[in-house]
Amino acid sequence: MGVLSGILIVIIALVVIVAMYIFKTQRELVNLDELCKNALSQIAVQLNSRWDAVLNLAKMAAQYSKHESETLIKVIRERRISDISTPAQVNQQQGELQQVLGRLIAVGEAYPDLKAADLFRETMDGIKQYEENVRMSRMVYNDTATKMNRMVRQWPSSFVASLLNFREKEYLKVDEEQKAKYPNLDEAFGKSDETSN
């Protein structure tokens with residue numbers, strides 16, 4: 001009777017330990033999943049702020065190039081986002097923003113008075129700040145995705161992750177071909193690294 005009760009106690013203890021481990025791992029996975037969603041949401045907020053700033057630039061450009069700015073304003077209003085839930089959507093928005101911004105920079109180049117206007121320059125600086133915020137949010141997302149992916153792939157947490165249907169997160173990547181097309185704002189506005197220091 002003593003040996004049997006000892007074995008029963010060991011079995012109960014093991015079941016409790018396994019249950020506690022599953023509970024703890026599930027909480028960690030949920031936390032990381034929510035942090036990934038939050039990071040994508042922060043990116044969406046910053047991208048929308050950039051769209052707003054680009055819209056303001058297009059409105060400023062209207063006094064110089066009415067047709068081009070009307071087209072851009074229409075494009076901006078159509079492409080502004082309400083929600084981002086995947087890294088692919090982030091990359092798509094980044095690409096679309098860069099295309100519109102490139103067209104606005106071309107308008108600025110064609111009209112030196114517009115390019116020299118204080119409000120135009122301040123708005124461009126704001127766009128650069130939003131881009132920095134997006135960059136930081138992308139880093140937070142990728143760091144959190146790394147932690148999540150480790151838990152999903154490493155044993156024994158991988159067992160719990162598969163049991164509870166948690167999957168690896170896709171990383172945000174920069175499309176090198178698209179990156180080569182991005183306008184260099186410093187060059188476009190005649191700034192160099194030496195003058196900005």
# chains A, B, ... in the order shown; residues from 1 in each chain; ligands from 1
>>> residues_around(residues="range 118-133 of chain A", least_positions_apart="2", cutoff="7 Å", atoms="only C-alpha atoms", output="MDAnalysis selection string")
chainID A and resid 46 49:50 53 57 114:116 135:137
>>> residues_around(residues="Asn48 in chain A", least_positions_apart="4", cutoff="12 Å", atoms="only C-alpha atoms", output="count of residues only")
25
>>> residues_around(residues="Glu96 in chain A", least_positions_apart="4", cutoff="10 Å", atoms="only C-alpha atoms", output="number ranges by chain")
A: 51, 75-76, 79-80, 91-92, 100-102
>>> atom_distance(atom1="CA of Val10 in chain A", atom2="CA of Thr25 in chain A")
22.3 Å
>>> atom_distance(atom1="CA of Glu168 in chain A", atom2="CA of Pro87 in chain A")
12.6 Å
>>> closest_residue(among="A:Ala58, A:Leu72, A:Ile12, A:Leu172", to="Ala145 in chain A", atoms="only C-alpha atoms")
A:Leu172
>>> residues_around(residues="Arg167 in chain A", least_positions_apart="3", cutoff="9 Å", atoms="only C-alpha atoms", output="MDAnalysis selection string")
chainID A and resid 148:149 152:153 161:162
>>> residues_around(residues="Lys59 in chain A", least_positions_apart="3", cutoff="8 Å", atoms="only C-alpha atoms", output="PyMOL selection string")
chain A and resi 55-56+62-63+69+73
>>> write_last_selection(atoms="C-alpha atoms", output="PDB file, in the first residue's frame")
ATOM      1  CA  LEU A  55      -1.532  64.261 -48.329  1.00  0.00           C
ATOM      2  CA  ASN A  56      -0.562  67.655 -46.900  1.00  0.00           C
ATOM      3  CA  ALA A  62      -1.730  71.888 -55.769  1.00  0.00           C
ATOM      4  CA  GLN A  63      -0.838  75.554 -56.104  1.00  0.00           C
ATOM      5  CA  SER A  69      -1.620  66.979 -57.018  1.00  0.00           C
ATOM      6  CA  ILE A  73      -4.614  63.274 -53.466  1.00  0.00           C
TER       7      ILE A  73
END
>>> select_by_dssp(residues="chain A", states="helix (DSSP H, G or I)", output="PyMOL selection string")
chain A and resi 2-61+66-79+87-110+112-116+118-153+157-163+176-181+185-188+193-196
>>> atom_distance(atom1="CA of Asn142 in chain A", atom2="CA of Cys36 in chain A")
8.2 Å
